[in-house]
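Trainee: Input input_6.txt, format and content: compact mmCIF, C-alpha atoms.
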# COMPACT_ATOMS: atom_id res chain seq x y z
CA MET A 29 103.99 70.91 117.42
CA SER A 30 106.77 72.99 115.88
CA ILE A 31 105.73 76.22 114.16
CA LYS A 32 108.06 77.67 111.54
CA ILE A 33 107.73 81.36 110.64
CA ARG A 34 109.15 82.56 107.32
CA LYS A 35 108.79 85.35 104.82
CA ALA A 36 106.17 84.77 102.14
CA GLU A 37 107.27 83.85 98.63
CA VAL A 38 105.61 84.21 95.22
CA ALA A 39 104.60 80.54 95.39
CA ASP A 40 102.49 81.35 98.47
CA ALA A 41 100.10 83.52 96.43
CA PRO A 42 97.18 81.00 96.47
CA PHE A 43 97.43 80.59 100.26
CA LEU A 44 97.79 84.33 100.85
CA ALA A 45 94.68 84.90 98.72
CA GLU A 46 92.69 82.48 100.90
CA MET A 47 93.83 84.17 104.11
CA ILE A 48 93.18 87.70 102.74
CA LEU A 49 89.64 86.71 101.74
CA GLN A 50 89.01 85.00 105.09
CA SER A 51 90.27 88.07 106.96
CA SER A 52 88.32 90.57 104.87
CA ARG A 53 85.04 88.77 105.46
CA ALA A 54 85.72 88.37 109.19
CA GLY A 55 82.84 85.95 109.69
CA LYS A 56 80.53 87.85 107.31
CA ARG A 57 79.24 86.56 103.99
CA PHE A 58 80.34 89.77 102.26
CA GLY A 59 83.59 91.71 102.62
CA ILE A 60 85.55 94.51 100.97
CA PHE A 61 86.90 92.33 98.14
CA ASP A 62 83.41 91.10 97.27
CA LEU A 63 82.60 94.79 96.88
CA ILE A 64 85.71 95.68 94.89
CA PHE A 65 85.46 92.75 92.47
CA LEU A 66 81.67 93.06 92.19
CA THR A 67 81.08 89.37 92.89
CA ASN A 68 80.82 86.93 95.79
CA ASP A 69 82.15 84.05 93.70
CA ASN A 70 85.06 82.70 95.71
CA ALA A 71 86.99 81.36 92.72
CA THR A 72 86.93 84.73 90.95
CA ILE A 73 87.90 86.67 94.07
CA LEU A 74 90.73 84.28 94.94
CA GLN A 75 92.09 84.46 91.41
CA ASN A 76 92.13 88.25 91.59
CA LEU A 77 93.69 88.27 95.04
CA GLU A 78 96.46 85.96 93.83
CA LYS A 79 97.25 88.52 91.13
CA LEU A 80 97.04 91.36 93.66
CA THR A 81 99.74 89.78 95.83
CA GLN A 82 102.13 89.76 92.87
CA THR A 83 101.69 93.17 91.21
CA THR A 84 104.73 95.26 90.31
CA ILE A 85 103.24 97.96 92.55
CA LYS A 86 103.76 96.96 96.18
CA SER A 87 100.41 97.58 97.84
CA ARG A 88 99.62 96.36 101.34
CA CYS A 89 98.47 93.06 99.79
CA HIS A 90 101.85 92.37 98.17
CA TYR A 91 103.38 89.05 99.17
CA THR A 92 106.57 90.73 100.41
CA ASN A 93 104.61 92.24 103.32
CA PHE A 94 103.59 88.81 104.65
CA LEU A 95 104.92 86.28 107.08
CA VAL A 96 103.71 82.69 106.74
CA ALA A 97 103.44 80.12 109.52
CA GLU A 98 104.11 76.47 108.70
CA VAL A 99 103.58 73.23 110.59
CA ASP A 100 105.16 70.15 109.02
CA ALA A 101 105.66 72.13 105.77
CA ILE A 102 101.92 72.98 105.66
CA CYS A 103 100.94 76.66 105.54
CA VAL A 104 98.70 77.37 108.52
CA GLY A 105 98.65 81.14 109.06
CA THR A 106 99.62 84.61 107.84
CA LEU A 107 100.37 88.09 109.16
CA CYS A 108 100.85 91.18 107.00
CA THR A 109 102.81 94.23 108.15
CA TYR A 110 103.19 97.46 106.19
CA GLU A 111 103.97 101.12 106.67
CA PRO A 112 101.10 103.44 105.59
CA ARG A 113 103.47 106.01 104.06
CA ILE A 114 104.79 103.33 101.68
CA SER A 115 101.78 101.07 101.12
CA THR A 116 99.35 103.92 100.62
CA LYS A 117 95.71 103.93 99.57
CA GLN A 118 96.89 105.14 96.17
CA SER A 119 99.28 102.21 95.77
CA PHE A 120 96.36 99.90 96.56
CA LEU A 121 94.25 101.55 93.85
CA ASP A 122 97.18 101.42 91.41
CA ALA A 123 97.67 97.70 92.13
CA LEU A 124 93.98 97.07 91.50
CA GLU A 125 94.25 98.97 88.22
CA GLU A 126 97.25 96.84 87.28
CA ILE A 127 95.12 93.68 87.51
CA GLY A 128 92.30 95.30 85.53
CA TYR A 129 89.98 96.70 88.19
CA SER A 130 90.02 100.47 87.79
CA GLU A 131 86.37 101.11 86.90
CA ASN A 132 84.14 101.77 89.91
CA THR A 133 86.94 100.90 92.32
CA ILE A 134 87.38 104.41 93.69
CA ALA A 135 83.64 104.77 94.20
CA GLU A 136 83.36 101.40 95.92
CA LEU A 137 86.28 102.17 98.25
CA GLU A 138 84.71 105.43 99.35
CA VAL A 139 83.15 103.48 102.21
CA LEU A 140 86.65 103.04 103.66
CA ASN A 141 87.47 106.73 103.27
CA VAL A 142 84.34 107.72 105.15
CA CYS A 143 85.09 105.33 108.01
CA ASP A 144 88.79 106.02 108.43
CA PHE A 145 91.34 107.04 111.06
CA ASN A 146 94.08 109.65 111.14
CA LEU A 147 97.03 107.28 111.20
CA ASN A 148 100.64 108.07 112.01
CA THR A 149 102.16 107.22 108.64
CA ARG A 150 105.37 105.98 110.26
CA THR A 151 103.54 103.51 112.47
CA LEU A 152 103.65 99.87 111.45
CA MET A 153 100.24 98.45 110.51
CA PHE A 154 99.22 94.83 111.07
CA ASP A 155 96.64 93.22 108.80
CA PHE A 156 95.39 89.84 107.54
CA MET A 157 96.28 88.02 110.78
CA GLU A 158 94.67 84.68 110.05
CA GLU A 159 95.06 80.97 110.70
CA VAL A 160 93.66 77.80 109.16
CA ASP A 161 90.63 76.45 111.05
CA ASN A 162 92.22 73.10 111.96
CA TYR A 163 95.15 74.89 113.62
CA ARG A 164 93.30 77.37 115.82
CA ASP A 165 94.37 77.73 119.44
CA MET A 166 97.72 76.09 118.74
CA GLY A 167 99.83 79.23 119.06
CA VAL A 168 100.09 80.03 115.33
CA LEU A 169 99.04 83.68 115.61
CA LYS A 170 101.15 84.24 118.71
CA ALA A 171 104.22 82.90 116.89
CA LEU A 172 103.53 85.15 113.89
CA MET A 173 103.06 88.19 116.12
CA GLN A 174 106.21 87.54 118.16
CA LYS A 175 108.33 87.20 115.03
CA SER A 176 106.79 90.30 113.49
CA LEU A 177 107.28 92.44 116.61
CA LEU A 178 110.89 91.29 116.93
CA THR A 179 111.60 92.25 113.32
CA ALA A 180 109.79 95.58 113.77
CA ARG A 181 111.78 96.39 116.91
CA LEU A 182 115.06 95.69 115.10
CA LYS A 183 113.96 98.11 112.37
CA GLY A 184 113.33 100.85 114.93
CA TYR A 185 109.55 100.70 115.23
CA ARG A 186 108.01 101.15 118.67
CA ILE A 187 104.28 101.24 117.93
CA ALA A 188 102.12 98.93 115.79
CA GLN A 189 98.47 99.39 114.96
CA ALA A 190 95.62 97.31 113.54
CA ILE A 191 92.12 98.15 112.31
CA VAL A 192 89.33 95.70 113.11
CA GLU A 193 85.60 95.78 112.49
CA ILE A 194 83.29 96.57 115.39
CA GLY A 195 81.62 93.26 116.18
CA SER A 196 84.60 91.08 115.22
CA LEU A 197 84.74 89.92 118.82
CA GLU A 198 87.08 86.98 118.34
CA THR A 199 89.64 89.05 116.42
CA ILE A 200 89.46 91.95 118.87
CA LEU A 201 89.85 89.60 121.83
CA TYR A 202 92.88 87.97 120.26
CA TYR A 203 94.59 91.30 119.57
CA LYS A 204 93.97 92.28 123.18
CA LYS A 205 95.47 89.00 124.39
CA LEU A 206 98.58 89.93 122.42
CA GLY A 207 98.77 93.28 124.23
CA PHE A 208 96.87 95.63 121.91
CA LYS A 209 94.59 98.31 123.36
CA GLU A 210 91.63 100.12 121.80
CA ILE A 211 92.63 103.64 120.77
CA GLU A 212 89.64 104.86 118.79
CA GLU A 213 86.27 103.64 117.56
CA LYS A 214 84.41 105.04 114.57
CA GLU A 215 80.81 104.18 113.68
CA CYS A 216 79.74 104.82 110.08
CA ASP A 217 76.25 104.44 108.62
CA VAL A 218 77.61 103.68 105.15
CA TYR A 219 79.83 100.92 106.53
CA LYS A 220 76.88 99.36 108.32
CA GLU A 221 74.84 99.58 105.11
CA LYS A 222 77.54 97.81 103.06
CA PHE A 223 78.82 95.21 105.52
CA GLY A 224 76.33 94.96 108.37
CA ARG A 225 78.92 96.12 110.93
CA LEU A 226 78.76 99.41 112.84
CA GLY A 227 82.22 100.56 111.80
CA LEU A 228 85.87 100.11 112.76
CA ILE A 229 88.12 100.02 115.82
CA LEU A 230 91.75 101.18 115.88
CA LEU A 231 94.01 99.14 118.18
CA ALA A 232 97.65 99.77 119.07
CA ILE A 233 100.55 98.20 120.94
CA GLU A 234 103.80 99.74 122.18
CA PHE A 235 106.82 97.45 122.29
Could you show the structure in this file as structure tokens?

Mentor:
Amino acid sequence: MSIKIRKAEVADAPFLAEMILQSSRAGKRFGIFDLIFLTNDNATILQNLEKLTQTTIKSRCHYTNFLVAEVDAICVGTLCTYEPRISTKQSFLDALEEIGYSENTIAELEVLNVCDFNLNTRTLMFDFMEEVDNYRDMGVLKALMQKSLLTARLKGYRIAQAIVEIGSLETILYYKKLGFKEIEEKECDVYKEKFGRLGLILLAIEF
């Protein structure tokens, strides 16, 4: 099986939306975008996420931050990389406002501010590392990660980080297989109340 890794394009918006939603729920029935968009209707959330990947404001969800994995011209996985000093929390809020979701958004996202880490803003962040179910354990995520780390190294980065929910055992295990180590863990009552998970774990890799 040959895996092709390429930069995401505007036409990938529907697929990116699916992978973002899958990643945000992380095996739960309810994730951050259910909270933001005040619904658990998949069609509505996916439609909004498609718009979010194409806003004029380049938030962390913007399609230009993504790599896409293909097998036989079929999209099978994604990986998002962004720099926190550029794709800030404010740019995320501004992008949400651009697609019409300004009311209540700040209040709903407070849960993320409470359960947050002091990040090095010049560190590269990895997010939305996902693969299609039928292509699991075929090396899709490894190929995405290798390509992303190579590109990051050429740009002068030496450390990458990722934030994963406590209890997302499969995701945590996979990051560790790729060489990531746990740096910090933060338990938050409000996060547990909203999502049923104890909090978040910060992982990092030096390369």

Trainee: List as a PyMOL selection string the protein and nucleic acid residues near A:Gln118, meaning an atom at most 12 Å away when all atoms listed in the file are counted, but skip any in the same chain fewer than 4 places from it.

Mentor: chain A and resi 85-88+112-114+122-125+130+133-134+137+141

Trainee: Show me, as a short mmCIF file (atom, residue, chain, number, x, y, z; two decimals) with C-alpha atoms, in the frame of the given file, the residues that have an atom within 12 Å of A:Asn162 when counting all atoms listed in the file, minus same-chain residues fewer than 5 positions from it.

Mentor:
data_model
loop_
_atom_site.label_atom_id
_atom_site.label_comp_id
_atom_site.auth_asym_id
_atom_site.auth_seq_id
_atom_site.Cartn_x
_atom_site.Cartn_y
_atom_site.Cartn_z
CA VAL A 99 103.58 73.23 110.59
CA ILE A 102 101.92 72.98 105.66
CA CYS A 103 100.94 76.66 105.54
CA VAL A 104 98.70 77.37 108.52
CA GLY A 105 98.65 81.14 109.06
CA VAL A 168 100.09 80.03 115.33
#

Trainee: Could you name the residues that touch A:Thr84 at 12 Å or less, counting all atoms listed in the file, but leaving out those on the same chain fewer than 4 positions away, as a ChimeraX atom specification?

Mentor: /A:79-80,89-92,119-120,122-127

Trainee: Atom CA of A:Ile191 and atom CA of A:Leu49, how far apart in Å?

Mentor: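 Result for atom CA of A:Leu49 versus atom CA of A:Ile191: 15.8 Å, one decimal.
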
Trainee: For a cut-off of 7 Å around (97.9, 81.9, 107.3), file coordinates, pick out all residues using all atoms listed in the file and list them as a PDB file with C-alpha atoms, in the frame of the given file.

Mentor:
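Contents of the output file part_11.pdb:
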ATOM      1  CA  LEU A  44      97.790  84.330 100.850  1.00  0.00           C
ATOM      2  CA  MET A  47      93.830  84.170 104.110  1.00  0.00           C
ATOM      3  CA  VAL A  96     103.710  82.690 106.740  1.00  0.00           C
ATOM      4  CA  ALA A  97     103.440  80.120 109.520  1.00  0.00           C
ATOM      5  CA  CYS A 103     100.940  76.660 105.540  1.00  0.00           C
ATOM      6  CA  VAL A 104      98.700  77.370 108.520  1.00  0.00           C
ATOM      7  CA  GLY A 105      98.650  81.140 109.060  1.00  0.00           C
ATOM      8  CA  THR A 106      99.620  84.610 107.840  1.00  0.00           C
ATOM      9  CA  LEU A 107     100.370  88.090 109.160  1.00  0.00           C
ATOM     10  CA  GLU A 158      94.670  84.680 110.050  1.00  0.00           C
ATOM     11  CA  GLU A 159      95.060  80.970 110.700  1.00  0.00           C
ATOM     12  CA  VAL A 160      93.660  77.800 109.160  1.00  0.00           C
TER      13      VAL A 160
END
